[in-house]
Each structure stands twice: as structure tokens, then as C-alpha cells.
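Here is upload34.pdb, consisting of PDB, C-alpha atoms:
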ATOM      1  CA  SER A   1     -78.627 -67.188  49.753  1.00  0.00           C
ATOM      2  CA  TYR A   2     -79.362 -63.786  51.280  1.00  0.00           C
ATOM      3  CA  SER A   3     -79.390 -62.747  54.914  1.00  0.00           C
ATOM      4  CA  GLN A   4     -79.937 -59.445  56.670  1.00  0.00           C
ATOM      5  CA  TYR A   5     -77.865 -60.565  59.665  1.00  0.00           C
ATOM      6  CA  VAL A   6     -75.118 -63.121  60.187  1.00  0.00           C
ATOM      7  CA  THR A   7     -73.126 -64.236  63.231  1.00  0.00           C
ATOM      8  CA  MET A   8     -69.355 -64.025  62.821  1.00  0.00           C
ATOM      9  CA  ASN A   9     -66.287 -64.618  64.983  1.00  0.00           C
ATOM     10  CA  ALA A  10     -64.933 -61.143  65.717  1.00  0.00           C
ATOM     11  CA  ILE A  11     -61.336 -62.402  65.931  1.00  0.00           C
ATOM     12  CA  THR A  12     -60.990 -64.702  62.924  1.00  0.00           C
ATOM     13  CA  GLU A  13     -63.776 -63.664  60.553  1.00  0.00           C
ATOM     14  CA  ILE A  14     -64.059 -59.853  60.717  1.00  0.00           C
ATOM     15  CA  PHE A  15     -61.306 -57.645  59.360  1.00  0.00           C
ATOM     16  CA  PRO A  16     -61.519 -53.839  59.276  1.00  0.00           C
ATOM     17  CA  MET A  17     -60.356 -52.400  55.972  1.00  0.00           C
ATOM     18  CA  PRO A  18     -58.852 -48.948  55.305  1.00  0.00           C
ATOM     19  CA  ASP A  19     -61.576 -46.372  54.590  1.00  0.00           C
ATOM     20  CA  ASP A  20     -59.877 -45.181  51.414  1.00  0.00           C
ATOM     21  CA  LEU A  21     -59.400 -48.662  49.905  1.00  0.00           C
ATOM     22  CA  PRO A  22     -61.801 -49.478  47.013  1.00  0.00           C
ATOM     23  CA  ILE A  23     -64.025 -52.345  48.052  1.00  0.00           C
ATOM     24  CA  GLU A  24     -63.010 -54.453  45.036  1.00  0.00           C
ATOM     25  CA  ASP A  25     -59.353 -54.240  46.092  1.00  0.00           C
ATOM     26  CA  CYS A  26     -60.291 -55.880  49.389  1.00  0.00           C
ATOM     27  CA  ALA A  27     -60.847 -59.146  47.476  1.00  0.00           C
ATOM     28  CA  SER A  28     -57.209 -60.161  47.948  1.00  0.00           C
ATOM     29  CA  PHE A  29     -56.465 -58.783  51.412  1.00  0.00           C
ATOM     30  CA  MET A  30     -56.138 -62.135  53.188  1.00  0.00           C
ATOM     31  CA  VAL A  31     -54.233 -65.123  51.849  1.00  0.00           C
ATOM     32  CA  ASN A  32     -51.163 -63.733  50.092  1.00  0.00           C
ATOM     33  CA  PRO A  33     -50.422 -60.736  52.361  1.00  0.00           C
ATOM     34  CA  TYR A  34     -50.903 -62.704  55.578  1.00  0.00           C
ATOM     35  CA  THR A  35     -48.852 -65.575  54.145  1.00  0.00           C
ATOM     36  CA  ALA A  36     -45.971 -63.168  53.521  1.00  0.00           C
ATOM     37  CA  VAL A  37     -46.231 -61.845  57.086  1.00  0.00           C
ATOM     38  CA  GLY A  38     -46.502 -65.380  58.476  1.00  0.00           C
ATOM     39  CA  ILE A  39     -43.476 -66.653  56.547  1.00  0.00           C
ATOM     40  CA  LEU A  40     -41.201 -63.918  57.852  1.00  0.00           C
ATOM     41  CA  ASP A  41     -42.547 -64.290  61.390  1.00  0.00           C
ATOM     42  CA  THR A  42     -42.027 -68.069  61.278  1.00  0.00           C
ATOM     43  CA  ALA A  43     -38.455 -67.606  60.057  1.00  0.00           C
ATOM     44  CA  GLN A  44     -37.694 -65.062  62.765  1.00  0.00           C
ATOM     45  CA  GLN A  45     -39.126 -67.312  65.481  1.00  0.00           C
ATOM     46  CA  ALA A  46     -36.914 -70.120  64.165  1.00  0.00           C
ATOM     47  CA  GLY A  47     -33.831 -67.916  64.380  1.00  0.00           C
ATOM     48  CA  SER A  48     -33.423 -67.117  60.678  1.00  0.00           C
ATOM     49  CA  THR A  49     -33.511 -63.368  61.263  1.00  0.00           C
ATOM     50  CA  LYS A  50     -31.175 -62.264  58.476  1.00  0.00           C
ATOM     51  CA  ALA A  51     -32.412 -64.030  55.351  1.00  0.00           C
ATOM     52  CA  ILE A  52     -34.614 -66.809  53.972  1.00  0.00           C
ATOM     53  CA  VAL A  53     -34.762 -68.816  50.764  1.00  0.00           C
ATOM     54  CA  HIS A  54     -38.048 -68.684  48.853  1.00  0.00           C
ATOM     55  CA  THR A  55     -39.064 -70.727  45.795  1.00  0.00           C
ATOM     56  CA  ALA A  56     -41.616 -69.784  43.130  1.00  0.00           C
ATOM     57  CA  ALA A  57     -40.328 -66.359  44.040  1.00  0.00           C
ATOM     58  CA  ALA A  58     -41.923 -64.419  41.182  1.00  0.00           C
ATOM     59  CA  SER A  59     -45.409 -65.233  42.497  1.00  0.00           C
ATOM     60  CA  GLN A  60     -47.580 -62.619  44.171  1.00  0.00           C
ATOM     61  CA  VAL A  61     -46.405 -63.894  47.577  1.00  0.00           C
ATOM     62  CA  GLY A  62     -42.809 -63.745  46.377  1.00  0.00           C
ATOM     63  CA  GLN A  63     -43.183 -60.178  45.166  1.00  0.00           C
ATOM     64  CA  MET A  64     -44.755 -59.177  48.470  1.00  0.00           C
ATOM     65  CA  LEU A  65     -41.916 -60.805  50.416  1.00  0.00           C
ATOM     66  CA  ASN A  66     -39.348 -58.799  48.466  1.00  0.00           C
ATOM     67  CA  LYS A  67     -41.149 -55.590  49.419  1.00  0.00           C
ATOM     68  CA  LEU A  68     -41.839 -56.533  53.036  1.00  0.00           C
ATOM     69  CA  ALA A  69     -38.496 -58.097  54.001  1.00  0.00           C
ATOM     70  CA  PRO A  70     -36.435 -54.856  53.805  1.00  0.00           C
ATOM     71  CA  MET A  71     -38.915 -53.248  56.201  1.00  0.00           C
ATOM     72  CA  GLN A  72     -37.889 -55.929  58.724  1.00  0.00           C
ATOM     73  CA  ASP A  73     -34.153 -55.851  57.936  1.00  0.00           C
ATOM     74  CA  MET A  74     -34.280 -59.224  56.212  1.00  0.00           C
ATOM     75  CA  GLU A  75     -33.188 -60.403  52.787  1.00  0.00           C
ATOM     76  CA  ILE A  76     -34.826 -62.841  50.385  1.00  0.00           C
ATOM     77  CA  ILE A  77     -32.871 -65.381  48.351  1.00  0.00           C
ATOM     78  CA  ASN A  78     -35.230 -65.816  45.426  1.00  0.00           C
ATOM     79  CA  VAL A  79     -35.386 -69.074  43.444  1.00  0.00           C
ATOM     80  CA  VAL A  80     -37.121 -68.922  40.046  1.00  0.00           C
ATOM     81  CA  ARG A  81     -37.281 -71.063  36.914  1.00  0.00           C
ATOM     82  CA  ARG A  82     -36.848 -68.518  34.123  1.00  0.00           C
ATOM     83  CA  GLU A  83     -34.819 -65.432  33.227  1.00  0.00           C
ATOM     84  CA  GLU A  84     -37.947 -63.331  32.667  1.00  0.00           C
ATOM     85  CA  GLN A  85     -38.986 -64.034  36.241  1.00  0.00           C
ATOM     86  CA  LYS A  86     -35.561 -62.864  37.382  1.00  0.00           C
ATOM     87  CA  LYS A  87     -36.057 -59.638  35.431  1.00  0.00           C
ATOM     88  CA  LEU A  88     -39.479 -59.096  37.044  1.00  0.00           C
ATOM     89  CA  LEU A  89     -37.956 -59.403  40.520  1.00  0.00           C
ATOM     90  CA  GLU A  90     -35.010 -57.187  39.651  1.00  0.00           C
ATOM     91  CA  GLU A  91     -37.478 -54.454  38.657  1.00  0.00           C
ATOM     92  CA  LEU A  92     -38.909 -54.721  42.191  1.00  0.00           C
ATOM     93  CA  GLY A  93     -35.440 -54.248  43.654  1.00  0.00           C
ATOM     94  CA  ALA A  94     -34.651 -57.874  44.522  1.00  0.00           C
ATOM     95  CA  LYS A  95     -30.904 -58.400  45.036  1.00  0.00           C
ATOM     96  CA  HIS A  96     -30.466 -62.171  45.253  1.00  0.00           C
ATOM     97  CA  ILE A  97     -32.016 -64.296  42.499  1.00  0.00           C
ATOM     98  CA  VAL A  98     -31.098 -67.838  41.461  1.00  0.00           C
ATOM     99  CA  VAL A  99     -32.420 -69.178  38.144  1.00  0.00           C
ATOM    100  CA  THR A 100     -32.746 -72.980  38.001  1.00  0.00           C
ATOM    101  CA  SER A 101     -33.030 -73.406  34.230  1.00  0.00           C
ATOM    102  CA  GLY A 102     -29.280 -73.963  33.808  1.00  0.00           C
ATOM    103  CA  GLU A 103     -26.908 -76.681  34.986  1.00  0.00           C
ATOM    104  CA  GLU A 104     -27.961 -78.098  38.353  1.00  0.00           C
ATOM    105  CA  GLU A 105     -24.439 -78.050  39.797  1.00  0.00           C
ATOM    106  CA  VAL A 106     -24.035 -74.390  38.864  1.00  0.00           C
ATOM    107  CA  TRP A 107     -27.255 -72.987  40.304  1.00  0.00           C
ATOM    108  CA  LYS A 108     -27.053 -75.157  43.437  1.00  0.00           C
ATOM    109  CA  LYS A 109     -23.559 -73.868  44.161  1.00  0.00           C
ATOM    110  CA  GLU A 110     -24.791 -70.297  43.632  1.00  0.00           C
ATOM    111  CA  LEU A 111     -27.686 -70.941  45.996  1.00  0.00           C
ATOM    112  CA  LYS A 112     -25.531 -72.621  48.629  1.00  0.00           C
ATOM    113  CA  ASP A 113     -23.029 -69.759  48.514  1.00  0.00           C
ATOM    114  CA  LEU A 114     -25.812 -67.211  49.054  1.00  0.00           C
ATOM    115  CA  VAL A 115     -27.259 -69.223  51.947  1.00  0.00           C
ATOM    116  CA  LYS A 116     -23.860 -69.211  53.645  1.00  0.00           C
ATOM    117  CA  GLU A 117     -23.084 -65.567  52.840  1.00  0.00           C
ATOM    118  CA  LEU A 118     -26.419 -64.179  54.050  1.00  0.00           C
ATOM    119  CA  GLY A 119     -26.888 -66.517  57.019  1.00  0.00           C
ATOM    120  CA  ALA A 120     -30.184 -68.093  55.951  1.00  0.00           C
ATOM    121  CA  THR A 121     -31.245 -71.080  58.036  1.00  0.00           C
ATOM    122  CA  CYS A 122     -34.811 -71.442  56.713  1.00  0.00           C
ATOM    123  CA  ALA A 123     -36.239 -72.046  53.251  1.00  0.00           C
ATOM    124  CA  PHE A 124     -39.906 -71.797  52.259  1.00  0.00           C
ATOM    125  CA  ASP A 125     -40.837 -74.067  49.379  1.00  0.00           C
ATOM    126  CA  ALA A 126     -43.981 -73.653  47.284  1.00  0.00           C
ATOM    127  CA  VAL A 127     -42.708 -76.025  44.577  1.00  0.00           C
ATOM    128  CA  ALA A 128     -42.016 -79.413  46.270  1.00  0.00           C
ATOM    129  CA  GLY A 129     -40.997 -82.225  43.895  1.00  0.00           C
ATOM    130  CA  ASP A 130     -37.210 -82.506  43.640  1.00  0.00           C
ATOM    131  CA  MET A 131     -36.795 -78.891  44.777  1.00  0.00           C
ATOM    132  CA  THR A 132     -37.422 -79.882  48.393  1.00  0.00           C
ATOM    133  CA  GLY A 133     -34.395 -82.163  48.440  1.00  0.00           C
ATOM    134  CA  HIS A 134     -32.256 -79.542  46.714  1.00  0.00           C
ATOM    135  CA  LEU A 135     -33.164 -77.020  49.400  1.00  0.00           C
ATOM    136  CA  LEU A 136     -32.385 -79.426  52.230  1.00  0.00           C
ATOM    137  CA  ASP A 137     -29.034 -80.089  50.575  1.00  0.00           C
ATOM    138  CA  VAL A 138     -27.997 -76.411  50.537  1.00  0.00           C
ATOM    139  CA  MET A 139     -29.282 -75.596  54.023  1.00  0.00           C
ATOM    140  CA  PRO A 140     -26.706 -75.441  56.837  1.00  0.00           C
ATOM    141  CA  ILE A 141     -26.591 -78.005  59.633  1.00  0.00           C
ATOM    142  CA  LYS A 142     -29.843 -77.806  61.673  1.00  0.00           C
ATOM    143  CA  GLY A 143     -31.465 -75.732  58.919  1.00  0.00           C
ATOM    144  CA  SER A 144     -35.152 -76.108  58.065  1.00  0.00           C
ATOM    145  CA  VAL A 145     -37.233 -76.330  54.904  1.00  0.00           C
ATOM    146  CA  TYR A 146     -40.901 -75.380  55.236  1.00  0.00           C
ATOM    147  CA  LEU A 147     -43.269 -76.772  52.610  1.00  0.00           C
ATOM    148  CA  TYR A 148     -46.300 -74.634  51.848  1.00  0.00           C
ATOM    149  CA  GLY A 149     -47.150 -75.665  48.293  1.00  0.00           C
ATOM    150  CA  ALA A 150     -46.845 -78.550  45.841  1.00  0.00           C
ATOM    151  CA  LEU A 151     -46.569 -77.065  42.355  1.00  0.00           C
ATOM    152  CA  ALA A 152     -44.344 -79.962  41.259  1.00  0.00           C
ATOM    153  CA  GLY A 153     -46.219 -82.695  43.120  1.00  0.00           C
ATOM    154  CA  LYS A 154     -44.952 -84.875  45.965  1.00  0.00           C
ATOM    155  CA  ALA A 155     -41.776 -83.789  47.718  1.00  0.00           C
ATOM    156  CA  GLY A 156     -38.781 -86.000  46.972  1.00  0.00           C
ATOM    157  CA  ASN A 157     -35.060 -86.153  46.231  1.00  0.00           C
ATOM    158  CA  ILE A 158     -34.374 -86.072  49.982  1.00  0.00           C
ATOM    159  CA  ASN A 159     -31.056 -87.335  51.313  1.00  0.00           C
ATOM    160  CA  PRO A 160     -31.797 -89.167  54.597  1.00  0.00           C
ATOM    161  CA  SER A 161     -28.361 -88.136  55.896  1.00  0.00           C
ATOM    162  CA  ASP A 162     -29.499 -84.517  55.897  1.00  0.00           C
ATOM    163  CA  LEU A 163     -32.247 -85.425  58.363  1.00  0.00           C
ATOM    164  CA  ILE A 164     -30.398 -88.031  60.424  1.00  0.00           C
ATOM    165  CA  TYR A 165     -26.840 -86.781  60.748  1.00  0.00           C
ATOM    166  CA  ARG A 166     -26.999 -83.103  59.848  1.00  0.00           C
ATOM    167  CA  LYS A 167     -30.157 -82.574  61.919  1.00  0.00           C
ATOM    168  CA  LYS A 168     -31.917 -80.649  59.175  1.00  0.00           C
ATOM    169  CA  GLN A 169     -35.703 -80.528  59.400  1.00  0.00           C
ATOM    170  CA  LEU A 170     -38.563 -80.719  56.923  1.00  0.00           C
ATOM    171  CA  LYS A 171     -41.608 -78.861  58.233  1.00  0.00           C
ATOM    172  CA  SER A 172     -44.798 -77.292  56.932  1.00  0.00           C
ATOM    173  CA  PHE A 173     -46.154 -73.775  56.853  1.00  0.00           C
ATOM    174  CA  TYR A 174     -49.944 -73.472  56.817  1.00  0.00           C
ATOM    175  CA  LEU A 175     -51.483 -70.029  57.185  1.00  0.00           C
ATOM    176  CA  THR A 176     -54.404 -71.121  59.365  1.00  0.00           C
ATOM    177  CA  SER A 177     -52.075 -72.957  61.742  1.00  0.00           C
ATOM    178  CA  TRP A 178     -49.819 -69.902  61.993  1.00  0.00           C
ATOM    179  CA  ILE A 179     -52.789 -67.661  62.785  1.00  0.00           C
ATOM    180  CA  LYS A 180     -54.096 -69.960  65.530  1.00  0.00           C
ATOM    181  CA  SER A 181     -50.788 -71.012  67.086  1.00  0.00           C
ATOM    182  CA  GLY A 182     -50.248 -70.222  70.755  1.00  0.00           C
ATOM    183  CA  GLY A 183     -53.900 -70.063  71.777  1.00  0.00           C
ATOM    184  CA  SER A 184     -56.510 -67.300  71.730  1.00  0.00           C
ATOM    185  CA  TYR A 185     -54.471 -64.592  73.460  1.00  0.00           C
ATOM    186  CA  GLN A 186     -51.492 -64.967  71.134  1.00  0.00           C
ATOM    187  CA  MET A 187     -53.827 -65.198  68.133  1.00  0.00           C
ATOM    188  CA  VAL A 188     -55.456 -61.845  68.993  1.00  0.00           C
ATOM    189  CA  LYS A 189     -52.065 -60.156  69.390  1.00  0.00           C
ATOM    190  CA  ARG A 190     -50.775 -61.732  66.177  1.00  0.00           C
ATOM    191  CA  MET A 191     -53.786 -60.751  64.088  1.00  0.00           C
ATOM    192  CA  MET A 192     -53.844 -57.182  65.385  1.00  0.00           C
ATOM    193  CA  SER A 193     -50.168 -56.742  64.548  1.00  0.00           C
ATOM    194  CA  ALA A 194     -50.444 -58.484  61.179  1.00  0.00           C
ATOM    195  CA  GLY A 195     -53.647 -56.610  60.326  1.00  0.00           C
ATOM    196  CA  ASN A 196     -52.031 -53.235  60.884  1.00  0.00           C
ATOM    197  CA  LEU A 197     -49.065 -54.249  58.740  1.00  0.00           C
ATOM    198  CA  VAL A 198     -51.227 -55.625  55.925  1.00  0.00           C
ATOM    199  CA  ASN A 199     -53.686 -52.715  55.898  1.00  0.00           C
ATOM    200  CA  SER A 200     -50.820 -50.246  55.630  1.00  0.00           C
ATOM    201  CA  GLY A 201     -49.719 -51.882  52.374  1.00  0.00           C
ATOM    202  CA  LEU A 202     -52.997 -52.672  50.590  1.00  0.00           C
ATOM    203  CA  GLY A 203     -53.310 -49.348  48.775  1.00  0.00           C
ATOM    204  CA  GLN A 204     -52.022 -48.716  45.281  1.00  0.00           C
ATOM    205  CA  GLY A 205     -48.239 -49.059  45.290  1.00  0.00           C
ATOM    206  CA  GLY A 206     -48.198 -50.623  48.761  1.00  0.00           C
ATOM    207  CA  TRP A 207     -46.122 -53.659  49.671  1.00  0.00           C
ATOM    208  CA  CYS A 208     -49.084 -56.064  49.415  1.00  0.00           C
ATOM    209  CA  CYS A 209     -51.095 -54.431  46.662  1.00  0.00           C
ATOM    210  CA  SER A 210     -52.239 -57.129  44.196  1.00  0.00           C
ATOM    211  CA  GLN A 211     -52.312 -56.707  40.436  1.00  0.00           C
ATOM    212  CA  PHE A 212     -55.534 -57.852  38.785  1.00  0.00           C
ATOM    213  CA  GLU A 213     -56.919 -58.469  35.334  1.00  0.00           C
ATOM    214  CA  ASP A 214     -60.632 -57.686  35.581  1.00  0.00           C
ATOM    215  CA  VAL A 215     -63.026 -59.940  33.652  1.00  0.00           C
ATOM    216  CA  THR A 216     -66.793 -60.182  33.403  1.00  0.00           C
ATOM    217  CA  MET A 217     -68.739 -63.251  34.477  1.00  0.00           C
ATOM    218  CA  GLU A 218     -69.499 -63.997  30.830  1.00  0.00           C
ATOM    219  CA  LYS A 219     -65.800 -64.112  29.911  1.00  0.00           C
ATOM    220  CA  ALA A 220     -64.532 -65.697  33.106  1.00  0.00           C
ATOM    221  CA  HIS A 221     -64.291 -69.273  31.807  1.00  0.00           C
ATOM    222  CA  GLN A 222     -62.442 -68.254  28.654  1.00  0.00           C
ATOM    223  CA  SER A 223     -60.031 -66.070  30.629  1.00  0.00           C
ATOM    224  CA  ILE A 224     -59.298 -68.863  33.122  1.00  0.00           C
ATOM    225  CA  VAL A 225     -58.584 -71.359  30.331  1.00  0.00           C
ATOM    226  CA  GLU A 226     -56.266 -68.869  28.616  1.00  0.00           C
ATOM    227  CA  ALA A 227     -54.445 -68.126  31.867  1.00  0.00           C
ATOM    228  CA  LEU A 228     -53.898 -71.815  32.633  1.00  0.00           C
ATOM    229  CA  GLY A 229     -52.527 -72.342  29.146  1.00  0.00           C
ATOM    230  CA  SER A 230     -49.829 -69.721  29.616  1.00  0.00           C
ATOM    231  CA  SER A 231     -47.452 -68.578  32.322  1.00  0.00           C
ATOM    232  CA  ILE A 232     -49.673 -67.324  35.152  1.00  0.00           C
ATOM    233  CA  THR A 233     -46.867 -66.251  37.475  1.00  0.00           C
ATOM    234  CA  GLY A 234     -47.812 -63.071  39.276  1.00  0.00           C
ATOM    235  CA  LYS A 235     -51.215 -62.790  37.564  1.00  0.00           C
ATOM    236  CA  LYS A 236     -54.653 -62.718  39.124  1.00  0.00           C
ATOM    237  CA  LEU A 237     -58.088 -62.720  37.559  1.00  0.00           C
ATOM    238  CA  ARG A 238     -60.835 -60.769  39.305  1.00  0.00           C
ATOM    239  CA  ILE A 239     -64.420 -61.457  38.267  1.00  0.00           C
ATOM    240  CA  ARG A 240     -66.542 -58.318  38.389  1.00  0.00           C
ATOM    241  CA  PHE A 241     -70.317 -58.410  38.555  1.00  0.00           C
ATOM    242  CA  ASP A 242     -70.945 -54.715  37.804  1.00  0.00           C
TER
END
Take the structure from the file and write it as C-alpha cells.
Amino acid sequence: SYSQYVTMNAITEIFPMPDDLPIEDCASFMVNPYTAVGILDTAQQAGSTKAIVHTAAASQVGQMLNKLAPMQDMEIINVVRREEQKKLLEELGAKHIVVTSGEEEVWKKELKDLVKELGATCAFDAVAGDMTGHLLDVMPIKGSVYLYGALAGKAGNINPSDLIYRKKQLKSFYLTSWIKSGGSYQMVKRMMSAGNLVNSGLGQGGWCCSQFEDVTMEKAHQSIVEALGSSITGKKLRIRFD
């Protein structure tokens, strides 16, 4: 449909973009960059001000976190499945990367040692499945695991003793809830602060600049099928109509 005028909420639905940013690059300004900001803010509010654990860490959100965290004096303990994902993160300057393709006892010990060394008390899990229980296991007493994705299906492998006796917590992170938490006044402050941070990094080479593969509408279906049939970590398709 086409309209000359629309009514929008000035706080939650209108976002000023940098004047020098190409309009097509604005297509990805919201979800991933604001998720990265929200994850670090949530961790800091929970007291995990030094470091966090992050799974599916070679994703676009993961790459953004590795660029943003040093700006806030935080470190990311990255958890990935494959060596090539580790290499990708190393090229971005990531220092702490755990690859889970090897023996479970080995990589869990490596992860637990890093959690203790860097003082992480929060983990953010985009994978779910058995990974959620592994993360709870390596968290310190009273540590928290925040679920924000389900790449491996339902969360499981959870030791009840971690929740009952060690007072660890399983929570959720949902971007919309983070944006709206604390009422209207806090939401305005949060979005103004986050917007300035995101807009400063949207340009080419910025901390939240997304990498796209441009496709035409005619080739969109074929490109989507090909992407789903391969490793799509860190990749985005952008359909252009020009």
C-alpha cells in the first residue's frame, strides 16, 4: 500500500540516521547493533562489568560485540563451533575464543578457566540446546545465563543443583523488553544513548557496520536457498529493487 502521510511513535518508531550514511546501509541499523548494546548494558546492570561469555560468537552480533566491548572496557569470551570461525574472530582482534568441536571436557575446562580468570558472571546464549546447561555449569555461584536464541532447539542439559544450591539463574534477553524496561522516561534516555552509540558505528568500518551480499529480487529465492545450504555465519543478504 502507499500513503502520503503516516502516524508514528516518535520514541520507538522514528530513528534519525547519519546524513552521510547511504540509505541502503540503514537497512540493518536496528536489531543487531541494538542487541549488542543491550547485551552489554544488561551484563553491566547485573554486575558483570569485566567480561561476558557469548555463544554463536562469529555471528554479526558476535562480531559487533568484539568491536564494542573494548570501548566499554569489557572483554568477550567467545564460544564458536569451528576453527574457521575462530580465525574470523581473531582477524577482528578477539582475544578469548573457545572452540567446541573437540573433546567436551577439554573445551569446558578452557571455558571455565577463562570465566574465572576474567571475572565473567553472565553468559548470553544464542544456541540453547545442551549449550545452555554447559554454560550454567561453568558459571560461578550466583552467575546468570541469558537465553536470546534457540539455534539448537529447546534448552536442556541443566543440572538442577546449579539452580537450587549454587543460586545460578537462567534468564532471557529480548531486545524489545530491554528497550521498554523501566518505563517511558528510562526508555527515552536509553534510546537516545544507544542511538548515539549505534549511529557513530554504522559507517563503513564502524563497530556495527554490517556486511551484505546484494541480490536482485529475481535471484533472491535462489540466493536464500544457497545460503541456507551452507554456513551462513556472519553473512547477510540484501535484496535491492534498483
Atom-to-atom span, CA of Asp113 in chain A and CA of Lys87 in chain A, Å: 21.1 Å
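With all atoms listed in the file as the atoms that count, the minimum distance from Gly62 in chain A to the choices A:Ser177, A:Ser223, A:Gln186, A:Ser210 is reached by A:Ser210.
When only C-alpha atoms are used to measure the gap to Val37 in chain A, the shortest distance among A:Lys154, A:Arg190, A:Lys236, A:Arg82 belongs to A:Arg190.
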Give me the result of the PyMOL selection byres ((chain A and resi 170) around 6) on this file, residue by residue, as a compact mmCIF listing (two decimals) with C-alpha atoms, keeping the file's coordinate frame.
# COMPACT_ATOMS: atom_id res chain seq x y z
CA SER A 144 -35.15 -76.11 58.06
CA VAL A 145 -37.23 -76.33 54.90
CA GLN A 169 -35.70 -80.53 59.40
CA LYS A 171 -41.61 -78.86 58.23
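Put simply, the PyMOL selection byres ((chain A and resi 89) around 9) on this file hits Ala57, Ala58, Gly62, Gln63, Asn66, Asn78, Glu84, Gln85, Lys86, Lys87, Leu88, Glu90, Glu91, Leu92, Gly93, Ala94, Lys95 and Ile97 of chain A.
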CA of Asn9 in chain A to CA of Ser181 in chain A, distance in Å rounded to a single decimal: 16.9 Å
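The space between CA of Gly183 in chain A and CA of Thr49 in chain A spans 23.9 Å.
Ranking A:Val225, A:Lys116, A:Cys209, A:Arg166 by their shortest atom-to-atom distance to Ser28 in chain A, with only C-alpha atoms included, puts A:Cys209 first.
Across A:Ile52, A:Met217, A:Leu202, A:Ile76, the tightest approach to Tyr146 in chain A is made by A:Ile52 when counting only C-alpha atoms.
Using only C-alpha atoms for every distance, the candidate list A:Met139, A:Val61, A:Ala69, A:Ile77 yields A:Val61 as the residue closest to Ala126 in chain A.
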Reference answer for the PyMOL selection byres ((chain A and resi 129) around 6), as a VMD selection string: chain A and resid 128 130 to 131 152 to 156
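Minimum atom-to-atom distance to Ala46 in chain A, evaluated using only C-alpha atoms, belongs to A:Ala123 out of A:Met192, A:Val79, A:Ala123, A:Val106.
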Distance query Cys26 in chain A at most 12 Å, all atoms listed in the file, self and fewer than 5 positions along chain excluded, as a list in words: Phe15, Pro16, Met17, Pro18, Asp19, Asp20, Leu21, Val31, Pro33, Val198, Asn199, Gly201, Leu202, Gly203, Gln204, Cys208, Cys209, Ser210, Phe212 and Arg238 of chain A
All residues 7 Å or closer to Asp214 in chain A, only C-alpha atoms, same chain fewer than 4 positions away omitted, as a ChimeraX atom specification: /A:237-240
Polymer residues at most 8 Å from His134 in chain A, all atoms listed in the file, same-chain spacing of 4 or more positions, as a VMD selection string: chain A and resid 108 130 138 157 to 158
